[in-house]
$ cat my_file.pdb   # PDB, C-alpha atoms
ATOM      1  CA  MET A   1    -236.925 -47.695 -50.860
ATOM      2  CA  SER A   2    -237.934 -50.427 -53.275
ATOM      3  CA  HIS A   3    -239.004 -54.052 -53.267
ATOM      4  CA  VAL A   4    -238.743 -57.284 -55.209
ATOM      5  CA  ASP A   5    -241.618 -59.702 -55.656
ATOM      6  CA  ARG A   6    -239.564 -62.848 -54.931
ATOM      7  CA  ALA A   7    -237.024 -62.549 -52.129
ATOM      8  CA  SER A   8    -235.723 -66.001 -52.982
ATOM      9  CA  ASP A   9    -234.473 -64.602 -56.325
ATOM     10  CA  LEU A  10    -231.972 -62.382 -54.498
ATOM     11  CA  ALA A  11    -228.420 -63.697 -54.127
ATOM     12  CA  ILE A  12    -228.328 -62.840 -50.428
ATOM     13  CA  ARG A  13    -227.365 -64.794 -47.357
ATOM     14  CA  TRP A  14    -230.407 -64.269 -45.112
ATOM     15  CA  ARG A  15    -230.236 -64.340 -41.325
ATOM     16  CA  LYS A  16    -232.612 -64.113 -38.389
ATOM     17  CA  SER A  17    -231.882 -62.448 -35.099
ATOM     18  CA  SER A  18    -230.151 -64.662 -32.549
ATOM     19  CA  ARG A  19    -232.863 -63.478 -30.139
ATOM     20  CA  SER A  20    -235.614 -65.068 -32.210
ATOM     21  CA  ALA A  21    -237.147 -68.198 -30.766
ATOM     22  CA  GLN A  22    -237.246 -71.245 -33.015
ATOM     23  CA  GLY A  23    -240.434 -71.312 -35.051
ATOM     24  CA  SER A  24    -241.484 -67.806 -34.039
ATOM     25  CA  GLU A  25    -242.772 -65.238 -36.451
ATOM     26  CA  CYS A  26    -239.872 -63.054 -37.412
ATOM     27  CA  VAL A  27    -238.206 -61.136 -40.193
ATOM     28  CA  GLU A  28    -234.916 -61.979 -41.838
ATOM     29  CA  VAL A  29    -232.338 -59.521 -43.099
ATOM     30  CA  GLY A  30    -229.606 -59.679 -45.679
ATOM     31  CA  ALA A  31    -227.359 -57.179 -47.380
ATOM     32  CA  THR A  32    -225.325 -56.363 -50.450
ATOM     33  CA  ALA A  33    -223.128 -53.338 -51.083
ATOM     34  CA  ALA A  34    -226.110 -51.595 -52.687
ATOM     35  CA  PHE A  35    -228.953 -52.288 -50.245
ATOM     36  CA  ALA A  36    -230.234 -53.978 -47.098
ATOM     37  CA  ALA A  37    -233.109 -56.415 -47.609
ATOM     38  CA  ILE A  38    -235.877 -57.487 -45.233
ATOM     39  CA  ARG A  39    -238.294 -60.381 -45.707
ATOM     40  CA  ASP A  40    -240.874 -62.353 -43.713
ATOM     41  CA  SER A  41    -239.280 -65.535 -42.367
ATOM     42  CA  LYS A  42    -242.551 -67.424 -42.895
ATOM     43  CA  ASN A  43    -242.682 -66.538 -46.608
ATOM     44  CA  LEU A  44    -239.202 -67.120 -48.026
ATOM     45  CA  ALA A  45    -240.377 -66.880 -51.629
ATOM     46  CA  GLY A  46    -242.468 -63.771 -50.948
ATOM     47  CA  PRO A  47    -241.513 -60.130 -51.424
ATOM     48  CA  ALA A  48    -238.555 -58.350 -49.860
ATOM     49  CA  LEU A  49    -238.167 -54.706 -48.917
ATOM     50  CA  LEU A  50    -234.934 -53.124 -50.196
ATOM     51  CA  ILE A  51    -233.514 -50.176 -48.255
ATOM     52  CA  ALA A  52    -230.431 -48.004 -48.688
ATOM     53  CA  PRO A  53    -227.770 -49.032 -46.131
ATOM     54  CA  GLY A  54    -227.827 -45.641 -44.367
ATOM     55  CA  ALA A  55    -231.602 -45.693 -43.987
ATOM     56  CA  TYR A  56    -231.444 -49.240 -42.642
ATOM     57  CA  ALA A  57    -228.797 -48.265 -40.072
ATOM     58  CA  ALA A  58    -230.926 -45.291 -38.976
ATOM     59  CA  MET A  59    -233.989 -47.544 -38.601
ATOM     60  CA  VAL A  60    -232.064 -50.076 -36.484
ATOM     61  CA  GLN A  61    -230.738 -47.277 -34.257
ATOM     62  CA  ALA A  62    -234.250 -45.844 -33.811
ATOM     63  CA  ILE A  63    -235.531 -49.295 -32.818
ATOM     64  CA  LYS A  64    -232.707 -49.730 -30.304
ATOM     65  CA  VAL A  65    -233.504 -46.454 -28.536
ATOM     66  CA  GLY A  66    -237.231 -47.248 -28.391
ATOM     67  CA  ARG A  67    -238.457 -44.630 -30.862
ATOM     68  CA  PHE A  68    -241.182 -46.949 -32.159
ATOM     69  CA  ASP A  69    -242.258 -48.385 -28.795
ATOM     70  CA  GLN A  70    -245.961 -48.081 -28.093
ATOM     71  CA  ALA A  71    -247.084 -46.742 -24.765
TER      72      ALA A  71
END

$ encode --input "my_file.pdb" --output "structure tokens"
Amino acid sequence: MSHVDRASDLAIRWRKSSRSAQGSECVEVGATAAFAAIRDSKNLAGPALLIAPGAYAAMVQAIKVGRFDQA
């Protein structure tokens, strides 16, 4: 896992979930062949988290099955 200080410097097409309400606080994701990137949608010029594609896929799967849900 790594990060960049300015997500806007990355040549990535960012997208938000279609389930996000307009104007809501959300994260955006983007990808290249080398990594998946995550950034705060309210801070487009802020930092981005860079994750290996396999680790990103595992995280998304864990979220889908509720592994991080709080009781």

$ atom_distance --input "my_file.pdb" --atom1 "atom CA of Val29 of chain A" --atom2 "atom CA of Ala62 of chain A"
16.6 Å

$ atom_distance --input "my_file.pdb" --atom1 "atom CA of Ala7 of chain A" --atom2 "atom CA of Ile38 of chain A"
8.6 Å

$ resolve_selection --input "my_file.pdb" --expression "the PyMOL selection byres ((chain A and resi 37) around 12)" --output "ChimeraX atom specification"
/A:1-4,6-8,10-15,27-36,38-40,47-53,55-57

$ atom_distance --input "my_file.pdb" --atom1 "atom CA of Lys16 of chain A" --atom2 "atom CA of Phe68 of chain A"
20.2 Å

$ closest_residue --input "my_file.pdb" --among "A:Gly66, A:Val60, A:Lys42, A:Asp5" --to "Glu25 of chain A" --atoms "only C-alpha atoms"
A:Lys42

$ closest_residue --input "my_file.pdb" --among "A:Ala71, A:Gln61, A:Asp9, A:Leu44" --to "Cys26 of chain A" --atoms "only C-alpha atoms"
A:Leu44

$ axis_aligned_box --input "my_file.pdb" --around "segment 51-58 of chain A" --padding-each-side "3 Å" --output "AutoDock Vina command-line options"
--center_x -230.6 --center_y -47.7 --center_z -43.8 --size_x 11.7 --size_y 10.9 --size_z 15.7

$ decode --input "my_file.pdb" --residues "segment 7-20 of chain A" --atoms "all heavy atoms" --output "CSV table (one decimal), in the first residue's frame"
chain,number,residue,atom,x,y,z
A,7,ALA,N,-3.9,13.7,-5.4
A,7,ALA,CA,-4.6,12.7,-6.2
A,7,ALA,C,-4.9,13.3,-7.6
A,7,ALA,O,-4.9,12.6,-8.6
A,7,ALA,CB,-5.9,12.4,-5.6
A,8,SER,N,-5.0,14.6,-7.7
A,8,SER,CA,-5.3,15.3,-9.0
A,8,SER,C,-4.1,15.1,-9.9
A,8,SER,O,-4.2,15.4,-11.1
A,8,SER,CB,-5.6,16.7,-8.8
A,8,SER,OG,-4.6,17.4,-8.1
A,9,ASP,N,-2.9,14.8,-9.4
A,9,ASP,CA,-1.7,14.6,-10.3
A,9,ASP,C,-1.8,13.2,-11.0
A,9,ASP,O,-1.0,13.0,-12.0
A,9,ASP,CB,-0.4,14.7,-9.5
A,9,ASP,CG,-0.1,16.1,-9.0
A,9,ASP,OD1,-0.7,17.0,-9.6
A,9,ASP,OD2,0.7,16.2,-8.1
A,10,LEU,N,-2.6,12.3,-10.6
A,10,LEU,CA,-2.7,11.0,-11.2
A,10,LEU,C,-3.5,11.1,-12.5
A,10,LEU,O,-4.6,11.7,-12.5
A,10,LEU,CB,-3.4,10.0,-10.2
A,10,LEU,CG,-2.6,9.7,-8.9
A,10,LEU,CD1,-3.5,8.9,-8.0
A,10,LEU,CD2,-1.3,9.0,-9.2
A,11,ALA,N,-3.1,10.4,-13.5
A,11,ALA,CA,-3.8,10.3,-14.8
A,11,ALA,C,-4.8,9.2,-14.7
A,11,ALA,O,-4.7,8.1,-15.3
A,11,ALA,CB,-2.9,10.1,-15.9
A,12,ILE,N,-5.9,9.4,-13.9
A,12,ILE,CA,-6.9,8.4,-13.6
A,12,ILE,C,-8.3,9.0,-13.9
A,12,ILE,O,-8.5,10.2,-13.5
A,12,ILE,CB,-6.8,7.9,-12.1
A,12,ILE,CG1,-5.5,7.2,-11.9
A,12,ILE,CG2,-8.0,7.1,-11.8
A,12,ILE,CD1,-5.4,6.7,-10.5
A,13,ARG,N,-9.1,8.2,-14.4
A,13,ARG,CA,-10.5,8.6,-14.5
A,13,ARG,C,-11.2,8.2,-13.2
A,13,ARG,O,-11.4,7.0,-13.0
A,13,ARG,CB,-11.2,7.9,-15.7
A,13,ARG,CG,-12.6,8.4,-16.0
A,13,ARG,CD,-13.1,7.8,-17.2
A,13,ARG,NE,-14.4,8.3,-17.6
A,13,ARG,CZ,-15.2,7.8,-18.4
A,13,ARG,NH1,-14.8,6.8,-19.1
A,13,ARG,NH2,-16.3,8.4,-18.7
A,14,TRP,N,-11.6,9.1,-12.4
A,14,TRP,CA,-12.2,8.9,-11.1
A,14,TRP,C,-13.7,8.7,-11.2
A,14,TRP,O,-14.3,9.2,-12.1
A,14,TRP,CB,-11.9,10.1,-10.2
A,14,TRP,CG,-10.5,10.2,-9.8
A,14,TRP,CD1,-9.6,11.1,-10.5
A,14,TRP,CD2,-9.7,9.5,-8.9
A,14,TRP,NE1,-8.4,11.0,-9.9
A,14,TRP,CE2,-8.4,10.0,-8.9
A,14,TRP,CE3,-10.0,8.6,-7.9
A,14,TRP,CZ2,-7.4,9.6,-8.1
A,14,TRP,CZ3,-9.0,8.1,-7.1
A,14,TRP,CH2,-7.7,8.6,-7.1
A,15,ARG,N,-14.3,7.9,-10.3
A,15,ARG,CA,-15.7,7.7,-10.4
A,15,ARG,C,-16.2,7.5,-8.9
A,15,ARG,O,-15.5,6.9,-8.1
A,15,ARG,CB,-16.1,6.5,-11.3
A,15,ARG,CG,-15.6,5.2,-10.8
A,15,ARG,CD,-15.9,4.1,-11.8
A,15,ARG,NE,-15.3,2.8,-11.4
A,15,ARG,CZ,-15.8,2.0,-10.5
A,15,ARG,NH1,-16.9,2.2,-9.9
A,15,ARG,NH2,-15.1,0.9,-10.2
A,16,LYS,N,-17.4,7.9,-8.7
A,16,LYS,CA,-18.1,7.7,-7.5
A,16,LYS,C,-19.2,6.6,-7.7
A,16,LYS,O,-19.7,6.3,-8.8
A,16,LYS,CB,-18.9,8.9,-7.1
A,16,LYS,CG,-18.2,9.7,-6.0
A,16,LYS,CD,-19.1,10.7,-5.3
A,16,LYS,CE,-19.5,11.8,-6.1
A,16,LYS,NZ,-20.2,12.9,-5.3
A,17,SER,N,-19.5,5.9,-6.6
A,17,SER,CA,-20.6,4.9,-6.7
A,17,SER,C,-21.9,5.5,-7.2
A,17,SER,O,-22.3,6.6,-6.9
A,17,SER,CB,-20.8,4.3,-5.3
A,17,SER,OG,-22.0,3.5,-5.3
A,18,SER,N,-22.6,4.7,-8.0
A,18,SER,CA,-23.9,5.1,-8.5
A,18,SER,C,-24.9,5.2,-7.3
A,18,SER,O,-26.0,5.8,-7.5
A,18,SER,CB,-24.4,4.2,-9.6
A,18,SER,OG,-24.5,2.9,-9.0
A,19,ARG,N,-24.6,4.6,-6.2
A,19,ARG,CA,-25.5,4.6,-5.0
A,19,ARG,C,-25.2,5.9,-4.2
A,19,ARG,O,-25.9,6.1,-3.2
A,19,ARG,CB,-25.3,3.4,-4.2
A,19,ARG,CG,-25.7,2.1,-4.9
A,19,ARG,CD,-25.5,0.9,-4.1
A,19,ARG,NE,-25.9,-0.3,-4.8
A,19,ARG,CZ,-26.8,-1.1,-4.5
A,19,ARG,NH1,-27.4,-0.9,-3.3
A,19,ARG,NH2,-27.0,-2.2,-5.2
A,20,SER,N,-24.3,6.7,-4.5
A,20,SER,CA,-24.0,7.9,-3.7
A,20,SER,C,-25.0,9.0,-4.1
A,20,SER,O,-25.3,9.2,-5.3
A,20,SER,CB,-22.6,8.4,-4.1
A,20,SER,OG,-21.6,7.5,-3.7
